[in-house]
Structure formats: C-alpha cells, structure tokens
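Below: start13.txt (compact mmCIF, C-alpha atoms)
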# COMPACT_ATOMS: atom_id res chain seq x y z
CA MET A 1 30.33 -0.70 11.39
CA LYS A 2 28.49 -2.96 13.86
CA GLN A 3 25.40 -0.71 13.76
CA LYS A 4 25.38 -0.82 9.94
CA PHE A 5 25.57 -4.65 10.05
CA GLN A 6 22.70 -4.82 12.55
CA PHE A 7 20.55 -2.56 10.38
CA LYS A 8 21.24 -4.71 7.28
CA THR A 9 20.40 -7.87 9.25
CA PHE A 10 17.17 -6.30 10.52
CA SER A 11 16.31 -5.19 6.99
CA ILE A 12 16.84 -8.71 5.60
CA ILE A 13 14.69 -10.23 8.36
CA MET A 14 11.90 -7.72 7.67
CA GLN A 15 12.04 -8.38 3.93
CA SER A 16 11.86 -12.13 4.56
CA SER A 17 8.87 -11.64 6.85
CA ILE A 18 7.10 -9.60 4.19
CA VAL A 19 7.79 -12.23 1.55
CA CYS A 20 6.45 -14.96 3.86
CA ALA A 21 3.34 -12.93 4.64
CA THR A 22 2.77 -12.29 0.93
CA CYS A 23 3.16 -16.01 0.18
CA ALA A 24 0.74 -16.85 2.98
CA LEU A 25 -1.81 -14.42 1.57
CA ALA A 26 -1.39 -15.87 -1.91
CA ASN A 27 -1.79 -19.37 -0.50
CA CYS A 28 -4.95 -18.35 1.36
CA ALA A 29 -6.29 -16.74 -1.78
CA SER A 30 -5.70 -19.85 -3.85
CA ASN A 31 -7.04 -22.24 -1.18
CA THR A 32 -10.14 -20.29 -0.26
CA GLN A 33 -11.93 -21.64 2.76
CA ALA A 34 -15.59 -22.45 2.37
CA VAL A 35 -17.08 -19.59 4.35
CA PRO A 36 -20.70 -18.47 4.21
CA ILE A 37 -21.45 -15.55 1.92
CA SER A 38 -22.29 -13.33 4.90
CA THR A 39 -18.83 -13.99 6.37
CA ALA A 40 -17.20 -13.25 3.01
CA TRP A 41 -19.02 -9.90 2.92
CA LYS A 42 -17.90 -9.12 6.49
CA ASN A 43 -14.32 -9.92 5.50
CA ILE A 44 -14.62 -7.65 2.47
CA ASP A 45 -16.11 -4.84 4.55
CA LEU A 46 -13.29 -5.07 7.10
CA SER A 47 -10.60 -5.21 4.46
CA GLU A 48 -12.14 -2.28 2.57
CA THR A 49 -11.99 -0.19 5.73
CA SER A 50 -8.38 -1.24 6.28
CA LEU A 51 -7.56 -0.52 2.63
CA ARG A 52 -8.94 3.03 2.94
CA LYS A 53 -6.92 3.62 6.12
CA ALA A 54 -3.74 2.22 4.55
CA THR A 55 -4.27 4.33 1.43
CA LYS A 56 -4.61 7.44 3.59
CA GLN A 57 -1.48 6.46 5.53
CA LEU A 58 0.50 6.04 2.30
CA GLN A 59 -0.71 9.45 1.12
CA ASN A 60 0.39 10.94 4.45
CA SER A 61 3.80 9.24 4.13
CA LEU A 62 4.20 10.75 0.66
CA LEU A 63 3.29 14.20 1.96
CA ALA A 64 5.72 13.80 4.85
CA ALA A 65 8.46 12.81 2.39
CA ALA A 66 7.78 15.94 0.34
CA LYS A 67 7.96 18.06 3.48
CA ASP A 68 11.17 16.33 4.61
CA MET A 69 12.74 17.10 1.25
CA ASN A 70 11.59 20.74 1.41
CA ILE A 71 9.35 20.35 -1.64
CA THR A 72 6.34 22.60 -1.49
CA ASN A 73 5.06 22.62 -5.07
CA CYS A 74 3.12 19.34 -4.82
CA GLY A 75 0.10 20.44 -2.79
CA ASP A 76 -1.89 17.52 -1.45
CA LEU A 77 -0.77 15.12 -4.23
CA GLY A 78 -4.47 14.85 -5.14
CA SER A 79 -3.97 15.07 -8.89
CA SER A 80 -1.59 13.49 -11.36
CA ALA A 81 -0.11 16.95 -12.10
CA LEU A 82 0.73 17.48 -8.41
CA ARG A 83 2.17 13.97 -8.14
CA GLN A 84 4.27 14.53 -11.24
CA SER A 85 5.50 17.80 -9.77
CA PHE A 86 6.76 16.01 -6.65
CA LEU A 87 8.45 13.27 -8.67
CA THR A 88 10.04 15.79 -11.06
CA SER A 89 11.33 17.83 -8.13
CA LEU A 90 12.97 14.75 -6.61
CA GLN A 91 14.42 13.70 -9.96
CA SER A 92 15.95 17.14 -10.49
CA MET A 93 17.83 17.08 -7.17
CA GLN A 94 21.47 16.20 -7.70
CA SER A 95 23.34 16.38 -4.43
CA LEU A 96 22.17 16.92 -0.90
CA ASN A 97 23.73 17.99 2.33
CA PRO A 98 24.18 15.10 4.80
CA SER A 99 21.11 15.93 6.89
CA LEU A 100 18.85 16.07 3.84
CA ALA A 101 20.33 12.81 2.52
CA SER A 102 19.58 11.22 5.88
CA ALA A 103 16.03 12.60 5.77
CA ALA A 104 15.61 11.04 2.31
CA LEU A 105 16.54 7.59 3.62
CA ILE A 106 14.30 7.91 6.67
CA SER A 107 11.40 9.05 4.48
CA LYS A 108 12.03 6.12 2.16
CA THR A 109 11.85 3.71 5.09
CA TYR A 110 8.50 5.09 6.26
CA LEU A 111 7.22 5.10 2.70
CA LEU A 112 8.16 1.45 2.16
CA GLY A 113 6.39 0.51 5.40
CA SER A 114 3.23 2.27 4.24
CA ILE A 115 3.47 0.54 0.85
CA GLN A 116 3.68 -2.85 2.57
CA ASP A 117 0.68 -2.03 4.77
CA LEU A 118 -1.38 -1.14 1.71
CA ARG A 119 -0.28 -4.31 -0.09
CA ARG A 120 -1.25 -6.40 2.94
CA ASP A 121 -4.70 -4.86 3.08
CA ALA A 122 -5.15 -5.26 -0.66
CA GLY A 123 -4.26 -8.95 -0.22
CA ALA A 124 -6.88 -9.29 2.51
CA LEU A 125 -9.45 -7.74 0.18
CA GLN A 126 -8.47 -10.26 -2.50
CA VAL A 127 -8.98 -13.12 -0.05
CA GLY A 128 -12.45 -11.79 0.80
CA MET A 129 -13.30 -11.47 -2.88
CA ASN A 130 -12.17 -15.06 -3.49
CA GLN A 131 -14.36 -16.22 -0.60
CA LEU A 132 -17.31 -14.34 -2.09
CA VAL A 133 -16.77 -15.85 -5.53
CA ALA A 134 -16.51 -19.33 -3.99
CA ALA A 135 -19.78 -18.76 -2.09
CA PHE A 136 -21.55 -17.72 -5.28
CA GLY A 137 -20.02 -20.77 -6.96
CA ARG A 138 -21.64 -22.96 -4.30
CA GLY A 139 -24.99 -21.41 -5.19
CA GLU A 140 -25.37 -19.11 -2.18
CA GLN A 141 -27.50 -16.03 -2.74
CA ASN A 142 -26.42 -12.49 -2.00
CA PRO A 143 -27.97 -11.42 1.34
CA ALA A 144 -30.99 -9.16 0.94
CA GLU A 145 -29.48 -6.51 3.24
CA ARG A 146 -26.47 -6.08 0.96
CA GLU A 147 -26.56 -3.26 -1.52
CA ASP A 148 -26.63 -3.84 -5.25
CA LEU A 149 -23.86 -6.29 -6.17
CA THR A 150 -22.84 -4.33 -9.27
CA LYS A 151 -22.47 -1.15 -7.24
CA SER A 152 -20.35 -2.94 -4.62
CA MET A 153 -18.07 -4.55 -7.21
CA SER A 154 -17.64 -1.24 -9.01
CA ARG A 155 -16.68 0.51 -5.75
CA ILE A 156 -14.20 -2.24 -4.86
CA LYS A 157 -12.67 -2.12 -8.34
CA VAL A 158 -12.14 1.65 -8.10
CA GLN A 159 -10.54 1.29 -4.65
CA ALA A 160 -8.26 -1.54 -5.79
CA GLU A 161 -7.14 0.31 -8.92
CA GLY A 162 -6.50 3.44 -6.89
CA ALA A 163 -4.40 1.46 -4.41
CA VAL A 164 -2.35 -0.13 -7.20
CA GLY A 165 -1.74 3.24 -8.83
CA LEU A 166 -0.72 4.82 -5.54
CA ILE A 167 1.65 1.93 -4.77
CA ASN A 168 3.31 2.25 -8.18
CA TYR A 169 3.73 5.99 -7.70
CA ALA A 170 5.04 5.61 -4.14
CA GLU A 171 7.61 3.06 -5.35
CA GLN A 172 8.92 5.63 -7.85
CA ILE A 173 9.22 8.17 -5.05
CA ALA A 174 10.98 5.60 -2.83
CA ASP A 175 13.47 4.89 -5.64
CA GLN A 176 14.24 8.60 -5.95
CA LEU A 177 14.64 8.94 -2.19
CA GLN A 178 17.07 6.00 -2.23
CA ARG A 179 19.07 7.65 -5.00
CA LEU A 180 19.24 10.90 -3.06
CA GLY A 181 20.09 9.24 0.23
CA GLY A 182 23.03 7.42 -1.24
Could I get this structure in the form of structure tokens?
Amino acid sequence: MKQKFQFKTFSIIMQSSIVCATCALANCASNTQAVPISTAWKNIDLSETSLRKATKQLQNSLLAAAKDMNITNCGDLGSSALRQSFLTSLQSMQSLNPSLASAALISKTYLLGSIQDLRRDAGALQVGMNQLVAAFGRGEQNPAEREDLTKSMSRIKVQAEGAVGLINYAEQIADQLQRLGG
C-alpha cells in the first residue's frame, strides 16, 4: 500500500513539473526575447535536431511497446496501415495475464515519457520560430549563408506536423495500454 501511495505521489509531482514546464514554454513563446536573427536560426537548428531525436525515441518506444505486448504484425510502424494494425491489435485484446498487464503499464510509462520529450522539443522549436518572426518584424534580413527561407519553413512545417501526428497516435496507444494494464 505504501509503495502504491509513493508511486501516485511521484506521478503527481511529475505531472505538475510537466505542466509547469509547458507553461514556462508558452510564456517564453508569448514573450519572445529580442534575439538577433542568427541566434534565432541557431535555436531553430538545435531544436530541429532535438525534435528529430525525440521523434525517433518515440518511434522506438512504440516499437518496444509492440514487442512487449507480443504484437508482431506492425512492422516498423512506418505507414498508417502498420500503425493501424498495432492499434487494432491492442484494441482487440480483452484480458491479459498479470505479467503482460504489468508490461502494458511499464510500456505506457515509457511511452508517456517519450511523448513529453517530443512535446518539449516541439515547444523549443516554437520558441525559435517566434524569435525568428520577431527578428523579421524588426526588419532584420535573413543571413546570406542560410538556405532558401521557403525551403526551411516547408521542412519545419513537415517535421512539426509529423511530430503532432505521432504524438496523437502514441496517445491512443498509451490509452490502450492503460486499459490493458488495469
């Protein structure tokens, strides 16, 4: 009983920390500091790299969850059909033995951590984008060494949309893991 209470307390503290971090990111995004355009681009570059790593980590967490649940028909989750196969397999499971139920909850925990990491990095990218927009608003010119602005914005948009889609999918998987874990 005491261990269950400690885990719930830890979980509440972690959720509060995540909410505070999200609020801090939102506050930073709305109160963008006046940074030079070159610094804004550096911030975007760093956050893009982090976003790619966090996206890969979330994909790995999803694959690990599939493996933990003994689901093999989802391949690398690289297509919507494979992702749907994984989700459908989880949804069709009714009851699990205790060790598999425990594995579902552990997988869900790792998955939620990866989701939060990706959200954090997406927030950092948003802050960098806000800094860039503010620099353009102050009349700063795009540095000559930067690639075509349209190409950069298109790439960032694709990455951001991919991250949002993956987060939404991973949340559905986490919900199913919670249901199975009891």
I'd like the contact shell of Ala122 of chain A - 8 Å cut-off, all atoms listed in the file, skipping same-chain residues fewer than 4 positions apart - returned as a PyMOL selection string.
chain A and resi 47+51+118+126+160+163
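Counting from atom CA of Ser50 of chain A, the distance to atom CA of Asp121 of chain A is 6.1 Å.
Distance check against Ala134 of chain A using all atoms listed in the file: of A:Arg83, A:Arg155, A:Ala34, A:Asn73, the minimum falls on A:Ala34.
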Across A:Ser99, A:Gly75, A:Asp117, A:Ala135, the smallest distance to Gln57 of chain A, with all atoms listed in the file counted, is shown by A:Asp117
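In this comparison, which uses only C-alpha atoms, the residue of A:Gln176, A:Gln94, A:Asn168, A:Asn142 approaching Pro36 of chain A most closely is A:Asn142.
Using all atoms listed in the file, the shortest contact distance between Lys157 of chain A and any of A:Met129, A:Leu63, A:Leu58, A:Leu96 is found at A:Met129.
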Which residue, A:Met93, A:Leu180, A:Ile156, A:Leu112, has the smallest gap to Gln59 of chain A when you use all atoms listed in the file?
A:Leu112
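If you measure from each of A:Ile167, A:Ala144, A:Leu46, A:Ala65 to Ala103 of chain A using all atoms listed in the file, the closest one turns out to be A:Ala65.
Counting all atoms listed in the file, Val133 of chain A has the following residues at most 9 Å away, ignoring those fewer than 5 positions along the same chain: Ile37, Ala40, Gly128 and Arg138 of chain A.
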